[in-house]
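Enquirer: Once you've had a glance at the structure underneath, I'll fire off some questions.
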Amino acid sequence: MKTLVAEWEKQRAVLMAFPHKNSDWNSNLNTALVPFIRIAQAIAYSTPVYIICDNKETIASLFCSSRNLSFIEIATNDTWIRDFGYISIVEEGEVKLLDFQFNAWGGKFESQLDNAVNRTLHKKGYMGIMPLETIDFVLEGGAIESDGLGTIMTTTSCLCNPNRNGGLSKDEVEKKLEKYLGAKRILWLDHGYLAGDDTDSHIDTLARFVSADTIMYVQCLDKQDEHYGALKKMEEQLRTFQDNNGKAYKLLALPLPSAKYDKDKNRLAATYVNFLITNGTVIYPTYSVSEDKVVDTIFKDFFQDKEIIPVECARLIEEGGSLHCSTMQIPF
């Protein structure tokens, strides 16, 4: 028996991959490093952080304290380790690390180095005796959400996209998720997107499990916003989903942030749903907009046993991701 571990379960460590001069962040590397440092510090409050970087002495020197931080030199193309890092399952009571194929969201960018990180890190011994299985199937961690009980939530536009595995049907994808992740049932979202998103609508930008019976999701109330129709349909579909006990999920709406744009006036994919749960904290992205304070209250009300830590992530969305995308947890 195998199960995809829920994010709120006990964590051994969280992986991060830092920007470097040979990545797309190079044009403004110093400002790019600031949110990564703050995210790592926030995680280290309660959970060890393994920081993959191009020069460990240089990156380590940027921190006031190295408590709970390990610096590991491995070459990468980019920083979005949620999508090329290990996907962790529990099989027969033991954690097993899965190394799926990563093709940079359908061949949109270079990914050869990122696709080799899991195997290199495992050989260095940082994962201890946890077994590693490399799987010839394209799957990103940001594309799947798990309740830890056999239910996986995902989006049709990503997992059935021809740019991943040739365009598999829902039934074909479900068989793969059952085989590799022990999925007992799949909740498919057929609607919802964010303008400026390169991932073909990853679930971790739209809707997240926060408990076995509760889903947080992005909500758009502005009828003039381009997202209104699609996110309304997504919300309606979420209301039809039932938990493992056959009851409708409790739904907690997070507002869509006020529109953010790059220098060329292209809308950026800002979302509060891209938060991270760790052993003692919930770390969520902010974008210097009015909705930031609203979201802070929502998180504090729900996660009453966690330290709630905001991190300004406007710089991250300029490069196509946000807070959750830059991390990947490893369970005990």
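The chains in the structure tokens are called A, B, ... from first to last as shown; in each chain the residues are counted from 1, and the ligands are counted from 1 in the order shown.
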List every residue of range 67-265 of chain A that DSSP, applied to the backbone of this structure, assigns to strand (DSSP E), and report them as a ChimeraX atom specification.
Expert: /A:69-73,87-91,94-101,132-138,145-146,151-155,185-189,207-211,214-219,250-255
Enquirer: Please dump the current selection as an mmCIF file, in the first residue's frame; keep C-alpha atoms.
Expert:
```cif
data_model
loop_
_atom_site.group_PDB
_atom_site.id
_atom_site.type_symbol
_atom_site.label_atom_id
_atom_site.label_comp_id
_atom_site.auth_asym_id
_atom_site.auth_seq_id
_atom_site.Cartn_x
_atom_site.Cartn_y
_atom_site.Cartn_z
ATOM 1 C CA LEU A 69 20.329 25.402 6.998
ATOM 2 C CA SER A 70 22.450 23.103 4.799
ATOM 3 C CA PHE A 71 24.091 24.409 1.619
ATOM 4 C CA ILE A 72 24.610 21.929 -1.218
ATOM 5 C CA GLU A 73 26.356 22.652 -4.514
ATOM 6 C CA ILE A 87 7.607 13.573 -4.776
ATOM 7 C CA SER A 88 7.349 11.624 -1.514
ATOM 8 C CA ILE A 89 5.107 8.664 -0.813
ATOM 9 C CA VAL A 90 4.744 6.322 2.129
ATOM 10 C CA GLU A 91 4.898 2.682 1.051
ATOM 11 C CA GLU A 94 8.343 3.806 4.955
ATOM 12 C CA VAL A 95 9.037 7.028 3.034
ATOM 13 C CA LYS A 96 10.029 6.517 -0.594
ATOM 14 C CA LEU A 97 11.284 9.259 -2.910
ATOM 15 C CA LEU A 98 10.030 9.384 -6.482
ATOM 16 C CA ASP A 99 12.022 11.050 -9.248
ATOM 17 C CA PHE A 100 9.614 11.826 -12.091
ATOM 18 C CA GLN A 101 10.694 13.356 -15.377
ATOM 19 C CA LEU A 132 14.762 6.557 -4.670
ATOM 20 C CA GLU A 133 12.837 5.392 -7.732
ATOM 21 C CA THR A 134 13.249 7.157 -11.080
ATOM 22 C CA ILE A 135 10.066 7.022 -13.165
ATOM 23 C CA ASP A 136 9.707 7.592 -16.911
ATOM 24 C CA PHE A 137 6.650 9.802 -16.615
ATOM 25 C CA VAL A 138 6.424 13.613 -16.619
ATOM 26 C CA GLU A 145 -2.510 18.013 -4.184
ATOM 27 C CA SER A 146 -2.965 15.193 -1.665
ATOM 28 C CA THR A 151 -7.347 11.523 -2.668
ATOM 29 C CA ILE A 152 -5.445 13.586 -5.236
ATOM 30 C CA MET A 153 -6.696 16.869 -6.672
ATOM 31 C CA THR A 154 -5.355 18.130 -9.989
ATOM 32 C CA THR A 155 -6.288 19.996 -13.180
ATOM 33 C CA ARG A 185 -9.620 8.677 -6.262
ATOM 34 C CA ILE A 186 -8.883 11.782 -8.346
ATOM 35 C CA LEU A 187 -10.666 15.121 -8.114
ATOM 36 C CA TRP A 188 -10.338 16.861 -11.484
ATOM 37 C CA LEU A 189 -10.688 20.621 -11.804
ATOM 38 C CA ALA A 207 -6.838 25.158 -4.882
ATOM 39 C CA ARG A 208 -5.152 23.409 -1.948
ATOM 40 C CA PHE A 209 -6.035 20.823 0.646
ATOM 41 C CA VAL A 210 -5.454 22.232 4.130
ATOM 42 C CA SER A 211 -7.060 19.278 5.928
ATOM 43 C CA THR A 214 -11.153 21.536 3.789
ATOM 44 C CA ILE A 215 -9.959 23.177 0.571
ATOM 45 C CA MET A 216 -8.584 26.706 0.223
ATOM 46 C CA TYR A 217 -9.027 28.195 -3.237
ATOM 47 C CA VAL A 218 -8.619 31.431 -5.173
ATOM 48 C CA GLN A 219 -11.799 33.454 -5.647
ATOM 49 C CA LYS A 250 -15.503 22.995 3.592
ATOM 50 C CA LEU A 251 -14.333 25.730 1.226
ATOM 51 C CA LEU A 252 -12.227 28.708 2.299
ATOM 52 C CA ALA A 253 -11.847 31.412 -0.340
ATOM 53 C CA LEU A 254 -8.644 33.405 -0.719
ATOM 54 C CA PRO A 255 -9.052 36.611 -2.745
#
```
Enquirer: May I have all residues of range 195-319 of chain A that DSSP, computed from the backbone, assigns to helix (DSSP H, G or I), given as a PyMOL selection string?
Expert: chain A and resi 203-205+228-238+291-302+314-318
Enquirer: Write to file, as a PDB file, in the first residue's frame, the residues of the selection just made, with C-alpha atoms.
Expert:
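Written file, out_18.pdb:
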```pdb
ATOM      1  CA  ILE A 203      -3.336  23.030  -8.841  1.00  0.00           C
ATOM      2  CA  ASP A 204      -1.090  24.775  -6.299  1.00  0.00           C
ATOM      3  CA  THR A 205      -1.964  28.120  -7.882  1.00  0.00           C
ATOM      4  CA  TYR A 228     -13.989  35.970 -13.194  1.00  0.00           C
ATOM      5  CA  GLY A 229     -15.770  33.470 -15.443  1.00  0.00           C
ATOM      6  CA  ALA A 230     -13.212  30.664 -15.232  1.00  0.00           C
ATOM      7  CA  LEU A 231     -12.690  30.982 -11.473  1.00  0.00           C
ATOM      8  CA  LYS A 232     -16.443  31.117 -10.886  1.00  0.00           C
ATOM      9  CA  LYS A 233     -16.833  27.832 -12.768  1.00  0.00           C
ATOM     10  CA  MET A 234     -13.961  26.389 -10.745  1.00  0.00           C
ATOM     11  CA  GLU A 235     -15.672  27.428  -7.519  1.00  0.00           C
ATOM     12  CA  GLU A 236     -18.904  25.822  -8.645  1.00  0.00           C
ATOM     13  CA  GLN A 237     -17.081  22.582  -9.425  1.00  0.00           C
ATOM     14  CA  LEU A 238     -15.332  22.620  -6.044  1.00  0.00           C
ATOM     15  CA  GLU A 291      -5.617  41.894  -0.182  1.00  0.00           C
ATOM     16  CA  ASP A 292      -2.451  40.977   1.755  1.00  0.00           C
ATOM     17  CA  LYS A 293      -4.018  41.935   5.110  1.00  0.00           C
ATOM     18  CA  VAL A 294      -7.249  40.073   4.361  1.00  0.00           C
ATOM     19  CA  VAL A 295      -5.337  36.879   3.664  1.00  0.00           C
ATOM     20  CA  ASP A 296      -3.288  37.214   6.830  1.00  0.00           C
ATOM     21  CA  THR A 297      -6.477  37.091   8.883  1.00  0.00           C
ATOM     22  CA  ILE A 298      -7.774  34.051   6.995  1.00  0.00           C
ATOM     23  CA  PHE A 299      -4.562  32.107   7.584  1.00  0.00           C
ATOM     24  CA  LYS A 300      -4.391  33.038  11.276  1.00  0.00           C
ATOM     25  CA  ASP A 301      -8.008  32.008  11.821  1.00  0.00           C
ATOM     26  CA  PHE A 302      -7.567  28.600  10.199  1.00  0.00           C
ATOM     27  CA  ALA A 314       6.429  40.159  -6.179  1.00  0.00           C
ATOM     28  CA  ARG A 315       9.938  39.433  -7.476  1.00  0.00           C
ATOM     29  CA  LEU A 316       9.142  35.719  -7.726  1.00  0.00           C
ATOM     30  CA  ILE A 317       6.070  36.150  -9.922  1.00  0.00           C
ATOM     31  CA  GLU A 318       8.157  38.223 -12.322  1.00  0.00           C
TER      32      GLU A 318
END
```
Enquirer: CA of His20 in chain A to CA of Ala195 in chain A: how many Å, to one decimal?
Expert: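 CA of Ala195 in chain A lies at a distance of 26.4 Å from CA of His20 in chain A.
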Enquirer: To one decimal place in Å, what is the distance between CA of Gln11 in chain A and CA of Phe241 in chain A?
Expert: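 About the pair CA of Gln11 in chain A and CA of Phe241 in chain A: they are 28.0 Å apart.
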Enquirer: Please provide as a VMD selection string all residues within 6 Å of Leu15 in chain A, with the sequence filter that same-chain residues fewer than 2 positions apart are discarded (counting only C-alpha atoms).
Expert: chain A and resid 49 to 50 327 to 328
Enquirer: I want to know what sits within 6 Å of range 319-326 of chain A, based on only C-alpha atoms, with residues of the same chain fewer than 3 positions away left out; could you give that as number ranges by chain?
Expert: A: 80-82, 274-276, 285, 316
Enquirer: Could you take the residues named above and write them with C-alpha atoms, as a PDB file, in the first residue's frame?
Expert:
```
ATOM      1  CA  TRP A  80      11.257  25.915  -9.095  1.00  0.00           C
ATOM      2  CA  ILE A  81      12.076  22.799  -7.097  1.00  0.00           C
ATOM      3  CA  ARG A  82       8.416  22.091  -6.350  1.00  0.00           C
ATOM      4  CA  ASN A 274       0.846  29.258  -3.358  1.00  0.00           C
ATOM      5  CA  PHE A 275       1.596  29.026   0.383  1.00  0.00           C
ATOM      6  CA  LEU A 276       3.738  26.462   2.232  1.00  0.00           C
ATOM      7  CA  PRO A 285       3.238  35.088  -0.367  1.00  0.00           C
ATOM      8  CA  LEU A 316       9.142  35.719  -7.726  1.00  0.00           C
TER       9      LEU A 316
END
```
Enquirer: Which residues, written as a list in words, have at least one atom at most 7 Å from range 30-43 of chain A, with only C-alpha atoms counted and residues fewer than 6 positions away on the same chain left out?
Expert: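 The filter keeps Phe18, Pro19, Val49, Thr278, Ile309, Val311, Glu312, Cys313 and Arg315 of chain A.
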Enquirer: Those same residues, written as a PDB file, in the first residue's frame with N, CA and C atoms?
Expert:
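Once everything was written out, this is out_17.pdb:
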```pdb
ATOM      1  N   PHE A  18      18.404  27.922  -5.092  1.00  0.00           N
ATOM      2  CA  PHE A  18      18.563  29.378  -5.139  1.00  0.00           C
ATOM      3  C   PHE A  18      18.919  29.885  -6.541  1.00  0.00           C
ATOM      4  N   PRO A  19      18.497  31.108  -6.860  1.00  0.00           N
ATOM      5  CA  PRO A  19      18.875  31.738  -8.134  1.00  0.00           C
ATOM      6  C   PRO A  19      20.392  31.899  -8.231  1.00  0.00           C
ATOM      7  N   VAL A  49      16.304  23.198   6.285  1.00  0.00           N
ATOM      8  CA  VAL A  49      16.235  23.591   4.876  1.00  0.00           C
ATOM      9  C   VAL A  49      17.506  23.138   4.175  1.00  0.00           C
ATOM     10  N   THR A 278       4.690  24.095   6.932  1.00  0.00           N
ATOM     11  CA  THR A 278       5.837  23.372   7.479  1.00  0.00           C
ATOM     12  C   THR A 278       5.487  22.875   8.880  1.00  0.00           C
ATOM     13  N   ILE A 309       3.640  33.413   8.687  1.00  0.00           N
ATOM     14  CA  ILE A 309       4.742  34.277   8.256  1.00  0.00           C
ATOM     15  C   ILE A 309       4.526  34.721   6.807  1.00  0.00           C
ATOM     16  N   VAL A 311       5.761  36.570   3.302  1.00  0.00           N
ATOM     17  CA  VAL A 311       6.994  36.918   2.590  1.00  0.00           C
ATOM     18  C   VAL A 311       6.608  37.614   1.287  1.00  0.00           C
ATOM     19  N   GLU A 312       7.152  38.804   1.073  1.00  0.00           N
ATOM     20  CA  GLU A 312       6.886  39.551  -0.153  1.00  0.00           C
ATOM     21  C   GLU A 312       7.456  38.788  -1.355  1.00  0.00           C
ATOM     22  N   CYS A 313       6.595  38.463  -2.317  1.00  0.00           N
ATOM     23  CA  CYS A 313       6.991  37.590  -3.428  1.00  0.00           C
ATOM     24  C   CYS A 313       6.743  38.207  -4.805  1.00  0.00           C
ATOM     25  N   ARG A 315       8.784  39.746  -6.612  1.00  0.00           N
ATOM     26  CA  ARG A 315       9.938  39.433  -7.476  1.00  0.00           C
ATOM     27  C   ARG A 315       9.832  38.018  -8.039  1.00  0.00           C
TER      28      ARG A 315
END
```
Enquirer: Report, in Å with one decimal, the straight-line distance from CA of Thr281 in chain A to CA of Phe332 in chain A.
Expert: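 Atom-to-atom, CA of Thr281 in chain A to CA of Phe332 in chain A, that is 16.8 Å.
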